[in-house]
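Here is entry-v2.txt, consisting of compact mmCIF, C-alpha atoms and all ligand atoms:
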# COMPACT_ATOMS: atom_id res chain seq x y z
CA MET X 5 -7.50 -35.61 -3.77
CA ALA X 6 -6.18 -39.04 -4.75
CA LEU X 7 -8.87 -40.57 -6.90
CA ASP X 8 -8.34 -43.09 -9.64
CA ILE X 9 -10.32 -44.85 -12.30
CA VAL X 10 -12.92 -47.36 -11.14
CA TYR X 11 -13.63 -50.40 -13.26
CA TRP X 12 -16.97 -52.04 -14.01
CA PRO X 13 -18.74 -53.77 -12.25
CA ASP X 14 -17.98 -51.56 -9.24
CA PRO X 15 -21.49 -50.70 -7.93
CA VAL X 16 -20.78 -46.94 -8.04
CA LEU X 17 -20.96 -47.32 -11.83
CA THR X 18 -24.35 -49.00 -11.90
CA ARG X 19 -26.41 -46.78 -9.62
CA PRO X 20 -27.70 -43.28 -10.33
CA ALA X 21 -25.53 -40.41 -9.07
CA SER X 22 -26.84 -37.66 -6.77
CA PRO X 23 -27.41 -34.06 -7.88
CA VAL X 24 -24.55 -31.68 -7.09
CA GLY X 25 -26.65 -28.66 -6.11
CA SER X 26 -24.17 -26.01 -4.98
CA VAL X 27 -20.50 -26.43 -5.89
CA ASP X 28 -18.11 -26.56 -2.95
CA GLU X 29 -14.35 -26.96 -2.54
CA GLU X 30 -14.66 -30.72 -2.27
CA LEU X 31 -16.37 -30.91 -5.66
CA ARG X 32 -13.66 -28.70 -7.18
CA SER X 33 -11.06 -31.15 -5.86
CA VAL X 34 -12.99 -34.05 -7.38
CA VAL X 35 -13.07 -32.26 -10.75
CA ALA X 36 -9.32 -31.54 -10.59
CA ALA X 37 -8.67 -35.23 -9.94
CA MET X 38 -11.03 -36.17 -12.79
CA ARG X 39 -9.05 -33.96 -15.19
CA ARG X 40 -5.80 -35.67 -14.23
CA VAL X 41 -7.28 -39.15 -14.64
CA MET X 42 -8.99 -38.39 -17.95
CA PHE X 43 -5.90 -36.93 -19.62
CA ARG X 44 -3.54 -39.56 -18.19
CA LEU X 45 -5.76 -42.25 -19.70
CA LYS X 46 -6.32 -40.26 -22.92
CA GLY X 47 -10.08 -40.14 -22.56
CA VAL X 48 -12.52 -37.78 -24.27
CA GLY X 49 -14.89 -37.72 -21.32
CA LEU X 50 -15.14 -38.86 -17.72
CA ALA X 51 -18.00 -38.97 -15.24
CA ALA X 52 -17.57 -38.68 -11.46
CA PRO X 53 -18.78 -42.25 -10.78
CA GLN X 54 -15.77 -43.41 -12.82
CA VAL X 55 -13.51 -42.14 -10.03
CA GLY X 56 -15.82 -43.54 -7.35
CA VAL X 57 -17.81 -40.36 -6.66
CA GLY X 58 -21.58 -40.68 -7.03
CA ARG X 59 -22.33 -37.06 -7.99
CA ARG X 60 -23.79 -35.65 -11.19
CA VAL X 61 -20.68 -34.04 -12.61
CA MET X 62 -18.77 -34.99 -15.75
CA LEU X 63 -16.05 -33.80 -18.10
CA VAL X 64 -16.48 -33.73 -21.86
CA CYS X 65 -13.52 -33.20 -24.17
CA PRO X 66 -14.29 -34.53 -27.66
CA SER X 67 -10.95 -33.28 -29.05
CA GLY X 68 -9.00 -35.07 -26.29
CA ALA X 69 -6.78 -31.96 -25.98
CA PRO X 70 -6.06 -30.62 -22.46
CA GLY X 71 -7.68 -27.20 -22.14
CA ASP X 72 -10.64 -28.10 -24.33
CA GLU X 73 -12.47 -29.95 -21.55
CA GLU X 74 -15.72 -28.64 -20.20
CA VAL X 75 -17.02 -29.26 -16.70
CA VAL X 76 -20.68 -30.25 -16.79
CA VAL X 77 -22.69 -30.07 -13.56
CA ASP X 78 -26.21 -31.48 -13.13
CA PRO X 79 -26.78 -32.00 -16.88
CA GLU X 80 -30.11 -32.56 -18.57
CA ILE X 81 -30.75 -33.74 -22.11
CA LEU X 82 -33.74 -31.66 -23.18
CA GLU X 83 -34.21 -32.91 -26.74
CA ARG X 84 -32.98 -35.80 -28.87
CA HIS X 85 -33.14 -35.89 -32.68
CA GLY X 86 -32.18 -38.59 -35.17
CA GLU X 87 -30.23 -41.78 -34.60
CA VAL X 88 -26.71 -42.76 -35.54
CA GLU X 89 -24.63 -45.83 -34.73
CA GLY X 90 -20.99 -45.59 -33.71
CA ASP X 91 -18.37 -47.61 -31.84
CA GLU X 92 -17.72 -46.67 -28.24
CA GLY X 93 -15.26 -47.55 -25.54
CA CYS X 94 -15.04 -46.64 -21.86
CA LEU X 95 -12.18 -45.98 -19.44
CA SER X 96 -14.02 -48.18 -16.93
CA LEU X 97 -14.02 -51.09 -19.41
CA PRO X 98 -10.56 -50.75 -21.00
CA GLY X 99 -10.09 -52.66 -24.24
CA LEU X 100 -13.79 -53.29 -24.81
CA TYR X 101 -15.48 -51.64 -27.80
CA GLY X 102 -18.86 -51.99 -29.43
CA PRO X 103 -21.55 -50.27 -31.47
CA VAL X 104 -24.14 -48.06 -29.79
CA VAL X 105 -27.04 -46.18 -31.36
CA ARG X 106 -27.24 -42.61 -30.02
CA ALA X 107 -29.23 -39.53 -30.88
CA GLU X 108 -27.48 -37.63 -33.65
CA ARG X 109 -28.35 -34.20 -32.22
CA ILE X 110 -29.24 -33.22 -28.68
CA ARG X 111 -30.13 -30.07 -26.79
CA VAL X 112 -28.56 -29.98 -23.35
CA ARG X 113 -28.67 -27.81 -20.26
CA TYR X 114 -26.13 -27.81 -17.45
CA ARG X 115 -24.19 -25.58 -15.10
CA ASP X 116 -20.45 -25.05 -14.98
CA LEU X 117 -18.29 -24.96 -11.85
CA ASP X 118 -19.07 -21.25 -11.40
CA GLY X 119 -22.80 -21.87 -11.46
CA ARG X 120 -23.39 -20.37 -14.91
CA LEU X 121 -26.22 -22.01 -16.82
CA HIS X 122 -25.50 -23.29 -20.34
CA GLU X 123 -28.00 -24.44 -22.92
CA ARG X 124 -26.51 -25.77 -26.17
CA ASP X 125 -27.11 -27.94 -29.20
CA LEU X 126 -24.60 -30.72 -29.84
CA GLU X 127 -24.29 -33.06 -32.77
CA ASP X 128 -22.21 -35.97 -34.01
CA PHE X 129 -19.22 -36.94 -31.85
CA PRO X 130 -19.65 -34.25 -29.16
CA ALA X 131 -23.30 -35.36 -28.82
CA ARG X 132 -22.16 -38.99 -28.51
CA VAL X 133 -19.62 -38.15 -25.80
CA PHE X 134 -22.20 -36.15 -23.85
CA GLN X 135 -24.75 -38.98 -24.03
CA HIS X 136 -22.17 -41.59 -22.97
CA GLU X 137 -21.08 -39.55 -19.94
CA HIS X 138 -24.66 -38.61 -19.05
CA ASP X 139 -25.48 -42.33 -19.04
CA HIS X 140 -22.79 -42.83 -16.37
CA LEU X 141 -24.71 -40.43 -14.12
CA GLU X 142 -27.76 -42.66 -14.56
CA GLY X 143 -25.80 -45.83 -13.76
CA VAL X 144 -25.90 -47.00 -17.38
CA MET X 145 -22.82 -48.49 -19.09
CA PHE X 146 -22.51 -48.50 -22.87
CA PRO X 147 -22.80 -52.31 -23.26
CA ASP X 148 -26.30 -51.89 -21.74
CA ARG X 149 -27.13 -49.89 -24.88
CA MET X 150 -25.80 -52.46 -27.37
CA THR X 151 -28.06 -54.77 -29.33
CA PRO X 152 -28.34 -58.31 -27.89
CA THR X 153 -26.24 -59.59 -30.81
CA ALA X 154 -23.46 -57.04 -30.30
CA ARG X 155 -23.57 -57.53 -26.54
CA ALA X 156 -23.17 -61.29 -26.96
CA GLU X 157 -19.91 -60.64 -28.81
CA VAL X 158 -18.40 -58.85 -25.80
CA GLU X 159 -19.88 -61.11 -23.12
CA ASP X 160 -16.59 -63.00 -22.61
CA GLN X 161 -14.81 -59.69 -22.02
CA LEU X 162 -17.51 -58.58 -19.57
CA GLN X 163 -17.13 -61.88 -17.74
CA ALA X 164 -13.38 -61.25 -17.45
CA PHE X 165 -14.10 -57.85 -15.85
CA ARG X 166 -16.53 -59.51 -13.40
CA ALA X 167 -13.88 -62.09 -12.49
CA ALA X 168 -11.17 -59.42 -12.05
CA TYR X 169 -13.47 -57.38 -9.80
CA ALA X 170 -14.31 -60.42 -7.66
CA ALA X 171 -10.61 -61.38 -7.44
CA LYS X 172 -9.70 -57.90 -6.16
CA ASP X 173 -12.12 -58.41 -3.27
CA GLY X 174 -14.42 -55.69 -4.43
CA SER X 175 -11.89 -52.88 -4.76
CA GLY X 176 -12.45 -52.79 -8.51
CA ARG X 177 -8.80 -52.00 -9.15
CA ALA X 178 -7.42 -54.43 -11.68
ZN ZN O 1 -17.61 -44.53 -20.02

Structure re-expressed in structure tokens:
Amino acid sequence: MALDIVYWPDPVLTRPASPVGSVDEELRSVVAAMRRVMFRLKGVGLAAPQVGVGRRVMLVCPSGAPGDEEVVVDPEILERHGEVEGDEGCLSLPGLYGPVVRAERIRVRYRDLDGRLHERDLEDFPARVFQHEHDHLEGVMFPDRMTPTARAEVEDQLQAFRAAYAAKDGSGRA
């Protein structure tokens, strides 16, 4: 399946994704394509909307090392504890970085591609990656989580992404 990265403000990135339900061959193909895109672009996570697929599936790979990635299907964040600020970036907004406050520790539940249920506690960077990717499934981009002051500092960059998207006649490929 030939899927590639989709850039903000493609509308697939700003609307909630649909539950996966049962995993089929098409979803497995989507996940295989997501793996290729994430490692080619040296990401530590990737959500299906970022390759133009509005389903609730994401990859998390805090180490960035191929083989360490986990496939996360229909995730839920059950608990959030503490707050910590850290800089984030996004493969759908290349070159743009900014501070985001996230929960320091989370309890999550999801299924893998084989339907097995996982319930785990995550903290620090893995928790941040999970929250960032989970936001993508809700149609939320990380600048939406920045303080008004921090967001103002990246507004020119966001405007450039809007202009590039409009210039590509809505394809989102810049
Ligand atoms: Zn992202």

Nearby polymer residues, ligand ZN 1 (chain O), at most 6 Å, only C-alpha atoms and all ligand atoms, as JSON, numbers by chain = {"X": [94, 95, 96]}

task = Could you give me, as a list in words, the residues within 12 Å of X:Arg106, counting only C-alpha atoms and dropping anything in the same chain fewer than 3 positions from it?
result =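 Within the cut-off, the hits are Arg84, His85, Gly86, Glu87, Val88, Glu89, Gly90, Asp91, Glu92, Pro103, Arg109, Ile110, Glu127, Asp128, Phe129, Pro130, Ala131, Arg132, Val133, Phe134, Gln135, His136, His138, Asp139, Phe146, Arg149 and Met150 of chain X.
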
query = Do you have the atom CA of X:Ala154-atom CA of X:Val41 distance handy?
reply =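 Separation of atom CA of X:Ala154 and atom CA of X:Val41: 28.8 Å.
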
ask   = Leaving out X:Arg19 and any residue of its chain fewer than 2 positions from it, which residues lie within 10 Å of it when counting only C-alpha atoms, given as an MDAnalysis selection string?
value = chainID X and resid 14:17 21:22 53 58 140:144

query = What residues have an atom no more than 10 Å from (-7.7, -37.9, -16.3) in the file's own frame, counting all atoms listed in the file, and can you write them as a list in words?
reply =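 Residues satisfying the cut-off, written out: Leu7, Asp8, Ile9, Val35, Ala36, Ala37, Met38, Arg39, Arg40, Val41, Met42, Phe43, Arg44, Leu45, Lys46, Gly47, Val48, Gly49, Leu50, Val55, Leu63, Pro70 and Leu95 of chain X.
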
query = Of the residues X:Leu117, X:Ala171, X:Ala6, X:Leu162, which is the one nearest to X:Pro98, using all atoms listed in the file?
reply =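 Using all atoms listed in the file, X:Pro98 sits closest to X:Leu162.
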
request  = Can you work out the spacing between atom CA of X:Pro20 and atom CA of X:Glu159 in Å, to one decimal?
outcome  =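 Calculated distance between atom CA of X:Pro20 and atom CA of X:Glu159 is 23.3 Å.
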
request  = For X:Phe165, please output as an MDAnalysis selection string all residues within 9 Å (counting only C-alpha atoms; exclusion window: fewer than 3 positions along the same chain).
outcome  = chainID X and resid 11:13 97 160:162 168:170 178

ask   = Using all atoms listed in the file, what residues lie at most 7 Å away from (-34.6, -30.0, -24.4) (file coordinates), given as a VMD selection string?
value = chain X and resid 81 to 83 111 to 112

message = Measuring between only C-alpha atoms, which one of X:Val105, X:Pro23, X:Arg124, X:Thr18 shows the shortest distance to X:Gly56?
response = X:Thr18

Spatial neighbours of X:Gly119, max dist 10 Å, all atoms listed in the file, sep filter under 3 positions, as an mmCIF file with C-alpha atoms, in the coordinates of the input:
data_model
loop_
_atom_site.group_PDB
_atom_site.id
_atom_site.type_symbol
_atom_site.label_atom_id
_atom_site.label_comp_id
_atom_site.auth_asym_id
_atom_site.auth_seq_id
_atom_site.Cartn_x
_atom_site.Cartn_y
_atom_site.Cartn_z
ATOM 1 C CA GLY X 25 -26.650 -28.660 -6.110
ATOM 2 C CA SER X 26 -24.170 -26.010 -4.980
ATOM 3 C CA VAL X 27 -20.500 -26.430 -5.890
ATOM 4 C CA VAL X 77 -22.690 -30.070 -13.560
ATOM 5 C CA TYR X 114 -26.130 -27.810 -17.450
ATOM 6 C CA ARG X 115 -24.190 -25.580 -15.100
ATOM 7 C CA ASP X 116 -20.450 -25.050 -14.980
ATOM 8 C CA HIS X 122 -25.500 -23.290 -20.340
#

Straight-line distance linking atom CA of X:Glu157 with atom CA of X:Gly102, stated in Å to one decimal =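 Spanning atom CA of X:Glu157 to atom CA of X:Gly102 is a straight-line distance of 8.7 Å.
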
task = Pick out the closest residue to X:Val75 from this set: X:Met62, X:Thr151, X:Arg113, X:Asp118. Count all atoms listed in the file.
result =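 Ranking X:Met62, X:Thr151, X:Arg113, X:Asp118 by distance to X:Val75, first place goes to X:Met62.
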
key: Nearest to X:Leu100 by atom-to-atom distance, counting all atoms listed in the file, from X:Pro79, X:Val64, X:Met145, X:Val24   =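 Smallest distance to X:Leu100 is found for X:Met145.
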